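run28.cif follows (mmCIF, C-alpha atoms and all ligand atoms):
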```cif
data_start
loop_
_atom_site.label_atom_id
_atom_site.label_comp_id
_atom_site.auth_asym_id
_atom_site.auth_seq_id
_atom_site.Cartn_x
_atom_site.Cartn_y
_atom_site.Cartn_z
CA MET U 18 -68.90 65.54 204.79
CA VAL U 19 -65.86 67.60 205.77
CA ASN U 20 -63.66 66.55 202.84
CA SER U 21 -66.19 66.53 200.04
CA GLN U 22 -68.47 69.43 201.04
CA ILE U 23 -66.38 71.77 203.17
CA LYS U 24 -62.66 71.42 202.39
CA ALA U 25 -63.48 70.97 198.71
CA ARG U 26 -65.23 74.35 198.68
CA GLY U 27 -62.26 76.17 200.15
CA ILE U 28 -62.64 76.18 203.94
CA THR U 29 -59.10 75.94 205.34
CA ASP U 30 -59.31 77.03 209.01
CA GLU U 31 -58.27 73.86 210.88
CA SER U 32 -60.22 74.84 213.99
CA VAL U 33 -63.41 74.99 211.90
CA LEU U 34 -62.67 71.71 210.10
CA ASP U 35 -61.97 69.99 213.44
CA ALA U 36 -65.19 71.33 214.98
CA MET U 37 -67.19 70.16 211.96
CA ARG U 38 -65.63 66.69 212.31
CA LYS U 39 -66.37 66.55 216.01
CA VAL U 40 -70.00 67.70 216.37
CA PRO U 41 -72.38 64.74 215.75
CA ARG U 42 -74.79 66.35 213.26
CA HIS U 43 -77.08 63.27 213.29
CA LEU U 44 -78.02 64.11 216.90
CA PHE U 45 -79.29 67.56 215.81
CA VAL U 46 -81.81 66.44 213.18
CA PRO U 47 -85.24 64.81 213.73
CA LYS U 48 -85.07 61.00 214.14
CA SER U 49 -86.89 60.55 210.82
CA ARG U 50 -84.06 62.44 209.06
CA ILE U 51 -81.04 60.72 210.61
CA SER U 52 -80.10 59.03 207.34
CA GLU U 53 -79.88 62.47 205.68
CA ALA U 54 -77.95 64.18 208.50
CA TYR U 55 -74.67 64.49 206.57
CA TYR U 56 -76.32 65.41 203.28
CA ASP U 57 -75.13 68.56 201.46
CA GLY U 58 -78.06 70.86 202.27
CA PRO U 59 -80.37 72.23 204.96
CA LEU U 60 -82.95 69.93 206.61
CA PRO U 61 -86.30 70.65 208.26
CA ILE U 62 -86.27 70.62 212.10
CA GLY U 63 -89.98 71.35 212.65
CA TYR U 64 -91.95 74.59 213.21
CA GLY U 65 -91.10 75.65 209.65
CA GLN U 66 -87.39 76.00 210.52
CA THR U 67 -84.23 74.33 209.23
CA ILE U 68 -80.76 73.25 210.32
CA SER U 69 -78.38 75.04 207.93
CA GLN U 70 -76.32 73.29 205.25
CA PRO U 71 -72.99 72.03 206.72
CA TYR U 72 -70.93 74.15 204.31
CA ILE U 73 -72.81 77.33 205.27
CA VAL U 74 -72.23 76.63 208.98
CA ALA U 75 -68.50 76.16 208.30
CA TYR U 76 -68.29 79.26 206.08
CA MET U 77 -70.10 81.54 208.56
CA THR U 78 -67.86 80.22 211.33
CA GLU U 79 -64.62 80.72 209.39
CA VAL U 80 -65.51 84.25 208.33
CA ILE U 81 -65.71 85.58 211.92
CA ASN U 82 -62.14 84.31 212.58
CA PRO U 83 -63.28 82.18 215.55
CA LYS U 84 -59.81 81.48 216.98
CA LYS U 85 -59.59 85.15 217.92
CA CYS U 86 -63.04 85.14 219.56
CA ARG U 87 -63.75 84.57 223.22
CA LYS U 88 -67.46 85.40 223.29
CA VAL U 89 -69.84 84.85 220.39
CA LEU U 90 -73.56 85.62 220.19
CA GLU U 91 -75.77 83.59 217.85
CA ILE U 92 -79.27 84.68 216.86
CA GLY U 93 -81.43 81.70 215.83
CA THR U 94 -80.42 78.64 217.90
CA GLY U 95 -82.69 76.31 215.90
CA SER U 96 -81.35 72.78 216.49
CA GLY U 97 -78.32 74.07 218.41
CA TYR U 98 -75.93 72.67 215.78
CA HIS U 99 -74.18 75.91 214.84
CA ALA U 100 -73.92 76.84 218.54
CA ALA U 101 -72.17 73.50 219.19
CA VAL U 102 -69.73 74.07 216.30
CA LEU U 103 -68.89 77.52 217.69
CA ALA U 104 -68.56 76.13 221.23
CA GLU U 105 -65.86 73.71 220.06
CA ILE U 106 -63.68 76.73 219.16
CA VAL U 107 -64.53 79.76 221.30
CA ASP U 108 -64.73 80.18 225.11
CA SER U 109 -68.43 80.96 225.37
CA VAL U 110 -71.43 80.97 223.09
CA TYR U 111 -74.67 82.84 223.83
CA SER U 112 -77.56 81.87 221.60
CA ILE U 113 -81.13 83.18 221.36
CA GLU U 114 -84.11 81.35 219.83
CA ILE U 115 -87.57 82.87 219.41
CA ILE U 116 -89.58 79.61 219.15
CA THR U 117 -90.03 78.22 222.67
CA GLU U 118 -90.28 74.56 221.60
CA LEU U 119 -87.03 74.73 219.60
CA TYR U 120 -85.33 76.53 222.48
CA LYS U 121 -86.36 73.76 224.88
CA GLU U 122 -85.28 70.98 222.52
CA ALA U 123 -81.91 72.60 221.84
CA LYS U 124 -81.32 73.17 225.56
CA GLU U 125 -81.96 69.52 226.39
CA ARG U 126 -79.84 68.31 223.47
CA LEU U 127 -76.84 70.52 224.25
CA GLU U 128 -76.98 69.61 227.96
CA LYS U 129 -77.06 65.90 227.10
CA LEU U 130 -74.03 66.36 224.86
CA GLY U 131 -72.20 68.06 227.73
CA TYR U 132 -71.72 71.56 226.30
CA LYS U 133 -71.09 73.71 229.37
CA ASN U 134 -69.98 76.83 227.50
CA ILE U 135 -73.28 77.50 225.69
CA LYS U 136 -75.98 79.69 227.26
CA LEU U 137 -79.41 79.73 225.65
CA LYS U 138 -82.25 82.21 225.90
CA ASN U 139 -85.82 82.12 224.59
CA GLY U 140 -86.72 85.48 223.08
CA ASP U 141 -86.42 87.93 220.21
CA GLY U 142 -82.76 88.17 219.20
CA TYR U 143 -83.33 91.61 217.66
CA TYR U 144 -82.33 93.10 221.02
CA GLY U 145 -79.20 90.98 221.42
CA TRP U 146 -78.14 89.95 224.94
CA LYS U 147 -77.07 93.09 226.74
CA GLU U 148 -75.97 91.48 230.04
CA HIS U 149 -73.23 89.54 228.26
CA ALA U 150 -72.17 92.22 225.74
CA PRO U 151 -69.85 93.17 224.16
CA PHE U 152 -69.29 90.20 221.84
CA ASP U 153 -66.27 89.46 219.65
CA ALA U 154 -68.62 88.24 216.95
CA ILE U 155 -72.33 87.83 216.24
CA VAL U 156 -73.72 85.14 213.93
CA VAL U 157 -77.30 85.59 212.71
CA THR U 158 -78.87 82.50 211.15
CA ALA U 159 -82.18 83.97 209.93
CA ALA U 160 -82.59 86.49 207.09
CA ALA U 161 -83.29 90.06 208.20
CA GLU U 162 -84.19 93.18 206.21
CA PHE U 163 -81.38 95.10 207.94
CA VAL U 164 -78.82 94.60 210.72
CA PRO U 165 -80.62 95.15 214.05
CA PRO U 166 -78.99 98.26 215.61
CA PRO U 167 -78.74 96.66 219.11
CA LEU U 168 -76.46 94.00 217.61
CA ILE U 169 -74.10 96.66 216.25
CA GLU U 170 -74.07 98.32 219.68
CA GLN U 171 -73.24 95.03 221.40
CA LEU U 172 -70.33 94.27 219.08
CA LYS U 173 -66.77 94.81 220.34
CA GLU U 174 -64.44 97.21 218.59
CA GLY U 175 -62.82 95.13 215.83
CA GLY U 176 -65.69 92.63 216.00
CA LYS U 177 -67.61 91.00 213.15
CA ILE U 178 -71.26 90.22 212.43
CA VAL U 179 -72.23 87.70 209.77
CA ILE U 180 -75.87 87.98 208.72
CA PRO U 181 -78.09 87.06 205.75
CA ILE U 182 -79.80 90.21 204.50
CA GLY U 183 -82.83 90.30 202.22
CA SER U 184 -86.44 89.37 201.71
CA PRO U 185 -87.60 85.93 202.84
CA PHE U 186 -89.07 85.17 199.41
CA PHE U 187 -85.96 85.85 197.34
CA THR U 188 -82.31 84.93 197.41
CA GLN U 189 -80.59 86.84 200.18
CA THR U 190 -77.02 88.04 200.54
CA LEU U 191 -74.71 86.90 203.28
CA VAL U 192 -73.12 90.08 204.62
CA LEU U 193 -70.05 90.59 206.82
CA VAL U 194 -70.22 93.68 209.03
CA GLU U 195 -67.12 94.99 210.82
CA LYS U 196 -66.84 97.66 213.50
CA ARG U 197 -63.59 99.62 213.42
CA GLU U 198 -62.95 102.89 215.22
CA GLU U 199 -66.69 103.34 215.79
CA LYS U 200 -67.33 103.01 212.04
CA ILE U 201 -69.28 100.23 210.35
CA TYR U 202 -67.99 98.50 207.21
CA SER U 203 -69.96 95.90 205.32
CA LYS U 204 -69.07 93.47 202.60
CA ASN U 205 -71.31 91.18 200.54
CA LEU U 206 -70.10 87.58 200.67
CA MET U 207 -72.43 85.30 198.69
CA PRO U 208 -76.05 84.59 197.77
CA VAL U 209 -77.84 82.43 200.36
CA ARG U 210 -81.30 81.22 201.33
CA PHE U 211 -82.33 81.39 205.00
CA VAL U 212 -85.59 81.22 206.93
CA PRO U 213 -86.93 84.69 207.87
CA PHE U 214 -85.87 86.67 210.91
CA VAL U 215 -89.15 87.20 212.74
CA ARG U 216 -90.00 89.73 215.43
CA GLY U 217 -91.44 88.99 218.86
CA LYS U 218 -94.78 90.41 219.91
N1 LIG U 301 -78.41 77.96 213.68
C1 LIG U 301 -79.49 77.02 213.47
C2 LIG U 301 -80.29 77.37 212.23
C3 LIG U 301 -81.69 77.60 212.62
S1 LIG U 301 -82.74 78.35 211.41
C4 LIG U 301 -79.01 75.58 213.48
O1 LIG U 301 -77.79 75.35 213.50
O2 LIG U 301 -79.83 74.67 213.50
C5 LIG U 301 -82.94 79.97 212.12
C6 LIG U 301 -83.60 80.04 213.47
O3 LIG U 301 -83.76 81.44 213.77
C7 LIG U 301 -85.00 79.44 213.56
O4 LIG U 301 -85.00 78.46 214.56
C8 LIG U 301 -85.89 80.63 213.92
O5 LIG U 301 -86.94 80.29 214.80
C9 LIG U 301 -84.90 81.57 214.58
N2 LIG U 301 -85.28 83.00 214.60
C10 LIG U 301 -85.92 83.72 213.65
N3 LIG U 301 -86.08 85.00 214.03
C11 LIG U 301 -85.52 85.09 215.29
C12 LIG U 301 -85.38 86.15 216.24
N4 LIG U 301 -85.84 87.38 216.01
N5 LIG U 301 -84.74 85.89 217.40
C13 LIG U 301 -84.27 84.64 217.68
N6 LIG U 301 -84.39 83.59 216.83
C14 LIG U 301 -85.01 83.82 215.65
#
```
Kindly return the structure encoded in the file as structure tokens.
Ligand code: SAH
Amino acid sequence: MVNSQIKARGITDESVLDAMRKVPRHLFVPKSRISEAYYDGPLPIGYGQTISQPYIVAYMTEVINPKKCRKVLEIGTGSGYHAAVLAEIVDSVYSIEIITELYKEAKERLEKLGYKNIKLKNGDGYYGWKEHAPFDAIVVTAAAEFVPPPLIEQLKEGGKIVIPIGSPFFTQTLVLVEKREEKIYSKNLMPVRFVPFVRGK
């Protein structure tokens, strides 16, 4: 998976490649999908959600420059796979999932695998996680119409947000947002397809 899907497409950060080699992706997919775990695409994980394509996980991780990050916030825990990849590189990962069942499954899975530097929360990630802010980077794994303002507020000076922006029914754009001297800069990275960012009640 790492050589043919990730290195071959230009990912060079060794910390990312090592993390992708280390995290057992087959333990993050439903039992019925184990044979497809290392396939080059997203897979369903139930409740209408997906575990992202391995290359996209690697790309979104590389683009935040993880070696320089201590604290990362992820919105959209899903299976917990991307959180585990981040946790192999950074000091602590905070991840929020809106679907209670997925939150519970990911919590059990990550505890079983022994990840002590991941904290999970069940709720609407739109508001970020104020108690643990500011974050060096924020990774959003569901497509939003715009960058939630609380996430920009909770980003450290010099920090980065990577987020798919666009309508759920069309191709979206992966966007990199940077905060420098209180100003926000954004850059379009590539077309992507993510499940929608939904709002809590
Ligand atoms: N990072 C995940 C990918 C999960 S797909 C993985 O590695 O498996 C995106 C996830 O975002 C879904 O589980 C969905 O329920 C969740 N999500 C959507 N809107 C959200 C919101 N407002 N707050 C938190 N999670 C959200």
- request: Just the residues within 7 Å of Ile92 (chain U), please, counting all atoms listed in the file, with nothing from its chain fewer than 2 positions along; format it as a PyMOL selection string.
  value: chain U and resi 90+94+112-114+142+156-158
Output file for the residues above (C-alpha atoms, as an mmCIF file, in the frame of the given file):
```cif
data_model
loop_
_atom_site.group_PDB
_atom_site.id
_atom_site.type_symbol
_atom_site.label_atom_id
_atom_site.label_comp_id
_atom_site.auth_asym_id
_atom_site.auth_seq_id
_atom_site.Cartn_x
_atom_site.Cartn_y
_atom_site.Cartn_z
ATOM 1 C CA LEU U 90 -73.560 85.620 220.190
ATOM 2 C CA THR U 94 -80.420 78.640 217.900
ATOM 3 C CA SER U 112 -77.560 81.870 221.600
ATOM 4 C CA ILE U 113 -81.130 83.180 221.360
ATOM 5 C CA GLU U 114 -84.110 81.350 219.830
ATOM 6 C CA GLY U 142 -82.760 88.170 219.200
ATOM 7 C CA VAL U 156 -73.720 85.140 213.930
ATOM 8 C CA VAL U 157 -77.300 85.590 212.710
ATOM 9 C CA THR U 158 -78.870 82.500 211.150
#
```
Residues of chain U that approach ligand LIG 301 (chain U) to 9 Å or less, counting only C-alpha atoms and all ligand atoms: could you list each one with the shortest pair of atoms and its distance in Å to one decimal, rows by chain and increasing residue number, as JSON lines?
```
{"residue": "U:Phe45", "atom": "CA", "partner": "U:LIG301", "partner_atom": "O2", "distance": 7.5}
{"residue": "U:Val46", "atom": "CA", "partner": "U:LIG301", "partner_atom": "O2", "distance": 8.5}
{"residue": "U:Pro59", "atom": "CA", "partner": "U:LIG301", "partner_atom": "O2", "distance": 8.9}
{"residue": "U:Leu60", "atom": "CA", "partner": "U:LIG301", "partner_atom": "O2", "distance": 8.9}
{"residue": "U:Ile62", "atom": "CA", "partner": "U:LIG301", "partner_atom": "O2", "distance": 7.7}
{"residue": "U:Gly63", "atom": "CA", "partner": "U:LIG301", "partner_atom": "O4", "distance": 8.9}
{"residue": "U:Tyr64", "atom": "CA", "partner": "U:LIG301", "partner_atom": "O5", "distance": 7.8}
{"residue": "U:Gly65", "atom": "CA", "partner": "U:LIG301", "partner_atom": "O5", "distance": 8.1}
{"residue": "U:Gln66", "atom": "CA", "partner": "U:LIG301", "partner_atom": "C7", "distance": 5.2}
{"residue": "U:Thr67", "atom": "CA", "partner": "U:LIG301", "partner_atom": "S1", "distance": 4.8}
{"residue": "U:Ile68", "atom": "CA", "partner": "U:LIG301", "partner_atom": "O2", "distance": 3.6}
{"residue": "U:Ser69", "atom": "CA", "partner": "U:LIG301", "partner_atom": "C2", "distance": 5.3}
{"residue": "U:Gln70", "atom": "CA", "partner": "U:LIG301", "partner_atom": "O1", "distance": 8.6}
{"residue": "U:Pro71", "atom": "CA", "partner": "U:LIG301", "partner_atom": "O1", "distance": 8.9}
{"residue": "U:Val74", "atom": "CA", "partner": "U:LIG301", "partner_atom": "O1", "distance": 7.3}
{"residue": "U:Glu91", "atom": "CA", "partner": "U:LIG301", "partner_atom": "N1", "distance": 7.5}
{"residue": "U:Ile92", "atom": "CA", "partner": "U:LIG301", "partner_atom": "C13", "distance": 5.1}
{"residue": "U:Gly93", "atom": "CA", "partner": "U:LIG301", "partner_atom": "O3", "distance": 3.1}
{"residue": "U:Thr94", "atom": "CA", "partner": "U:LIG301", "partner_atom": "N1", "distance": 4.7}
{"residue": "U:Gly95", "atom": "CA", "partner": "U:LIG301", "partner_atom": "O4", "distance": 3.4}
{"residue": "U:Ser96", "atom": "CA", "partner": "U:LIG301", "partner_atom": "O2", "distance": 3.9}
{"residue": "U:Gly97", "atom": "CA", "partner": "U:LIG301", "partner_atom": "O1", "distance": 5.1}
{"residue": "U:Tyr98", "atom": "CA", "partner": "U:LIG301", "partner_atom": "O1", "distance": 4.0}
{"residue": "U:His99", "atom": "CA", "partner": "U:LIG301", "partner_atom": "O1", "distance": 3.9}
{"residue": "U:Ala100", "atom": "CA", "partner": "U:LIG301", "partner_atom": "O1", "distance": 6.5}
{"residue": "U:Ala101", "atom": "CA", "partner": "U:LIG301", "partner_atom": "O1", "distance": 8.2}
{"residue": "U:Val102", "atom": "CA", "partner": "U:LIG301", "partner_atom": "O1", "distance": 8.6}
{"residue": "U:Ser112", "atom": "CA", "partner": "U:LIG301", "partner_atom": "C13", "distance": 8.3}
{"residue": "U:Ile113", "atom": "CA", "partner": "U:LIG301", "partner_atom": "C13", "distance": 5.1}
{"residue": "U:Glu114", "atom": "CA", "partner": "U:LIG301", "partner_atom": "N6", "distance": 3.8}
{"residue": "U:Ile115", "atom": "CA", "partner": "U:LIG301", "partner_atom": "C13", "distance": 4.1}
{"residue": "U:Ile116", "atom": "CA", "partner": "U:LIG301", "partner_atom": "O5", "distance": 5.1}
{"residue": "U:Thr117", "atom": "CA", "partner": "U:LIG301", "partner_atom": "O5", "distance": 8.7}
{"residue": "U:Leu119", "atom": "CA", "partner": "U:LIG301", "partner_atom": "O4", "distance": 6.6}
{"residue": "U:Tyr120", "atom": "CA", "partner": "U:LIG301", "partner_atom": "O4", "distance": 8.2}
{"residue": "U:Ala123", "atom": "CA", "partner": "U:LIG301", "partner_atom": "O2", "distance": 8.8}
{"residue": "U:Lys138", "atom": "CA", "partner": "U:LIG301", "partner_atom": "C13", "distance": 8.8}
{"residue": "U:Asn139", "atom": "CA", "partner": "U:LIG301", "partner_atom": "C13", "distance": 7.5}
{"residue": "U:Gly140", "atom": "CA", "partner": "U:LIG301", "partner_atom": "C13", "distance": 6.0}
{"residue": "U:Asp141", "atom": "CA", "partner": "U:LIG301", "partner_atom": "N5", "distance": 3.9}
{"residue": "U:Gly142", "atom": "CA", "partner": "U:LIG301", "partner_atom": "N5", "distance": 3.5}
{"residue": "U:Tyr143", "atom": "CA", "partner": "U:LIG301", "partner_atom": "N4", "distance": 5.2}
{"residue": "U:Tyr144", "atom": "CA", "partner": "U:LIG301", "partner_atom": "N4", "distance": 8.4}
{"residue": "U:Gly145", "atom": "CA", "partner": "U:LIG301", "partner_atom": "N5", "distance": 8.5}
{"residue": "U:Val156", "atom": "CA", "partner": "U:LIG301", "partner_atom": "N1", "distance": 8.6}
{"residue": "U:Val157", "atom": "CA", "partner": "U:LIG301", "partner_atom": "O3", "distance": 7.8}
{"residue": "U:Thr158", "atom": "CA", "partner": "U:LIG301", "partner_atom": "C5", "distance": 4.9}
{"residue": "U:Ala159", "atom": "CA", "partner": "U:LIG301", "partner_atom": "C5", "distance": 4.6}
{"residue": "U:Ala160", "atom": "CA", "partner": "U:LIG301", "partner_atom": "C10", "distance": 7.9}
{"residue": "U:Ala161", "atom": "CA", "partner": "U:LIG301", "partner_atom": "N3", "distance": 8.2}
{"residue": "U:Phe211", "atom": "CA", "partner": "U:LIG301", "partner_atom": "S1", "distance": 7.1}
{"residue": "U:Val212", "atom": "CA", "partner": "U:LIG301", "partner_atom": "C5", "distance": 6.0}
{"residue": "U:Pro213", "atom": "CA", "partner": "U:LIG301", "partner_atom": "C10", "distance": 5.9}
{"residue": "U:Phe214", "atom": "CA", "partner": "U:LIG301", "partner_atom": "N3", "distance": 3.5}
{"residue": "U:Val215", "atom": "CA", "partner": "U:LIG301", "partner_atom": "N3", "distance": 4.0}
{"residue": "U:Arg216", "atom": "CA", "partner": "U:LIG301", "partner_atom": "N4", "distance": 4.8}
{"residue": "U:Gly217", "atom": "CA", "partner": "U:LIG301", "partner_atom": "N4", "distance": 6.5}
```
Output C-alpha atoms for every residue in the selection just made, as an mmCIF file, in the coordinates of the input.
```
data_model
loop_
_atom_site.group_PDB
_atom_site.id
_atom_site.type_symbol
_atom_site.label_atom_id
_atom_site.label_comp_id
_atom_site.auth_asym_id
_atom_site.auth_seq_id
_atom_site.Cartn_x
_atom_site.Cartn_y
_atom_site.Cartn_z
ATOM 1 C CA PHE U 45 -79.290 67.560 215.810
ATOM 2 C CA VAL U 46 -81.810 66.440 213.180
ATOM 3 C CA PRO U 59 -80.370 72.230 204.960
ATOM 4 C CA LEU U 60 -82.950 69.930 206.610
ATOM 5 C CA ILE U 62 -86.270 70.620 212.100
ATOM 6 C CA GLY U 63 -89.980 71.350 212.650
ATOM 7 C CA TYR U 64 -91.950 74.590 213.210
ATOM 8 C CA GLY U 65 -91.100 75.650 209.650
ATOM 9 C CA GLN U 66 -87.390 76.000 210.520
ATOM 10 C CA THR U 67 -84.230 74.330 209.230
ATOM 11 C CA ILE U 68 -80.760 73.250 210.320
ATOM 12 C CA SER U 69 -78.380 75.040 207.930
ATOM 13 C CA GLN U 70 -76.320 73.290 205.250
ATOM 14 C CA PRO U 71 -72.990 72.030 206.720
ATOM 15 C CA VAL U 74 -72.230 76.630 208.980
ATOM 16 C CA GLU U 91 -75.770 83.590 217.850
ATOM 17 C CA ILE U 92 -79.270 84.680 216.860
ATOM 18 C CA GLY U 93 -81.430 81.700 215.830
ATOM 19 C CA THR U 94 -80.420 78.640 217.900
ATOM 20 C CA GLY U 95 -82.690 76.310 215.900
ATOM 21 C CA SER U 96 -81.350 72.780 216.490
ATOM 22 C CA GLY U 97 -78.320 74.070 218.410
ATOM 23 C CA TYR U 98 -75.930 72.670 215.780
ATOM 24 C CA HIS U 99 -74.180 75.910 214.840
ATOM 25 C CA ALA U 100 -73.920 76.840 218.540
ATOM 26 C CA ALA U 101 -72.170 73.500 219.190
ATOM 27 C CA VAL U 102 -69.730 74.070 216.300
ATOM 28 C CA SER U 112 -77.560 81.870 221.600
ATOM 29 C CA ILE U 113 -81.130 83.180 221.360
ATOM 30 C CA GLU U 114 -84.110 81.350 219.830
ATOM 31 C CA ILE U 115 -87.570 82.870 219.410
ATOM 32 C CA ILE U 116 -89.580 79.610 219.150
ATOM 33 C CA THR U 117 -90.030 78.220 222.670
ATOM 34 C CA LEU U 119 -87.030 74.730 219.600
ATOM 35 C CA TYR U 120 -85.330 76.530 222.480
ATOM 36 C CA ALA U 123 -81.910 72.600 221.840
ATOM 37 C CA LYS U 138 -82.250 82.210 225.900
ATOM 38 C CA ASN U 139 -85.820 82.120 224.590
ATOM 39 C CA GLY U 140 -86.720 85.480 223.080
ATOM 40 C CA ASP U 141 -86.420 87.930 220.210
ATOM 41 C CA GLY U 142 -82.760 88.170 219.200
ATOM 42 C CA TYR U 143 -83.330 91.610 217.660
ATOM 43 C CA TYR U 144 -82.330 93.100 221.020
ATOM 44 C CA GLY U 145 -79.200 90.980 221.420
ATOM 45 C CA VAL U 156 -73.720 85.140 213.930
ATOM 46 C CA VAL U 157 -77.300 85.590 212.710
ATOM 47 C CA THR U 158 -78.870 82.500 211.150
ATOM 48 C CA ALA U 159 -82.180 83.970 209.930
ATOM 49 C CA ALA U 160 -82.590 86.490 207.090
ATOM 50 C CA ALA U 161 -83.290 90.060 208.200
ATOM 51 C CA PHE U 211 -82.330 81.390 205.000
ATOM 52 C CA VAL U 212 -85.590 81.220 206.930
ATOM 53 C CA PRO U 213 -86.930 84.690 207.870
ATOM 54 C CA PHE U 214 -85.870 86.670 210.910
ATOM 55 C CA VAL U 215 -89.150 87.200 212.740
ATOM 56 C CA ARG U 216 -90.000 89.730 215.430
ATOM 57 C CA GLY U 217 -91.440 88.990 218.860
#
```
Dig up all the protein and nucleic acid residues within 7 Å of (-81.4, 86.8, 198.2) in the file frame, using only C-alpha atoms, and format them as a CSV table (one decimal) with C-alpha atoms, in the frame of the given file.
```csv
chain,number,residue,atom,x,y,z
U,183,GLY,CA,-82.8,90.3,202.2
U,184,SER,CA,-86.4,89.4,201.7
U,187,PHE,CA,-86.0,85.8,197.3
U,188,THR,CA,-82.3,84.9,197.4
U,189,GLN,CA,-80.6,86.8,200.2
U,190,THR,CA,-77.0,88.0,200.5
U,208,PRO,CA,-76.0,84.6,197.8
U,209,VAL,CA,-77.8,82.4,200.4
U,210,ARG,CA,-81.3,81.2,201.3
```
- request: Grab the CA of Pro181 (chain U) to CA of Phe163 (chain U) distance for me, in Å with one decimal place.
  value: 9.0 Å
List as JSON lines every residue of region 63-111 of chain U that is in contact with region 30-33 of chain U, defined as an atom at most 8 Å from one of its atoms (using only C-alpha atoms), together with the nearest atom pair and the distance in Å rounded to one decimal, sorted by chain and then rising number.
```
{"residue": "U:Ala75", "atom": "CA", "partner": "U:Val33", "partner_atom": "CA", "distance": 6.3}
{"residue": "U:Thr78", "atom": "CA", "partner": "U:Val33", "partner_atom": "CA", "distance": 6.9}
{"residue": "U:Glu79", "atom": "CA", "partner": "U:Val33", "partner_atom": "CA", "distance": 6.4}
{"residue": "U:Lys84", "atom": "CA", "partner": "U:Ser32", "partner_atom": "CA", "distance": 7.3}
{"residue": "U:Val102", "atom": "CA", "partner": "U:Val33", "partner_atom": "CA", "distance": 7.8}
{"residue": "U:Ile106", "atom": "CA", "partner": "U:Ser32", "partner_atom": "CA", "distance": 6.5}
```
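Taking CA of Gln171 (chain U) and CA of Ala150 (chain U) as endpoints, the distance between them is 5.3 Å.
The gap separating CA of Glu122 (chain U) from CA of Trp146 (chain U) is 20.4 Å, in Å to one decimal.
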Closest of U:Pro165, U:Ser21, U:Ser49, U:Asp35 to Ala104 (chain U) - atom-to-atom distances counting all atoms listed in the file: U:Asp35
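The shortest atom-to-atom distance to Ala36 (chain U), with only C-alpha atoms taken into account, belongs to U:Glu105 out of U:Val19, U:Ala54, U:Glu105, U:Cys86.
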How big is the axis-aligned box around the listed atoms of region 68-71 of chain U once 6 Å is added on each side, and where is its centre? Give both in Å to one decimal, as AutoDock Vina command-line options.
```
--center_x -76.9 --center_y 73.5 --center_z 207.8 --size_x 19.8 --size_y 15.0 --size_z 17.1
```
query: Which neighbours of Val89 (chain U) fall inside 8 Å, counting only C-alpha atoms, when residues of the same chain fewer than 2 positions from it are skipped, and could you give them as a list of chain:residue names?
result: U:Cys86, U:Arg87, U:Glu91, U:Leu103, U:Val107, U:Ser109, U:Val110, U:Tyr111, U:Phe152, U:Asp153, U:Ala154, U:Ile155, U:Val156
message: Using all atoms listed in the file for the distances, tell me which of U:Ile178, U:Leu193, U:Leu34, U:Lys124 is nearest to Leu137 (chain U).
response: U:Lys124
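Between Lys133 (chain U) and the candidates U:Arg50, U:Glu162, U:Lys147, U:Asp108, the tightest atom-to-atom separation, counting only C-alpha atoms, involves U:Asp108.
Of the residues under consideration (U:Ile23, U:Leu130, U:Met77, U:Ile28), U:Leu130 shows the shortest atom-to-atom contact distance to Leu44 (chain U) when counting only C-alpha atoms.
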- prompt: Which one is closest to Glu195 (chain U): U:Leu172, U:Ile73, U:Met207, U:Ile135? Count only C-alpha atoms.
  reply: U:Leu172
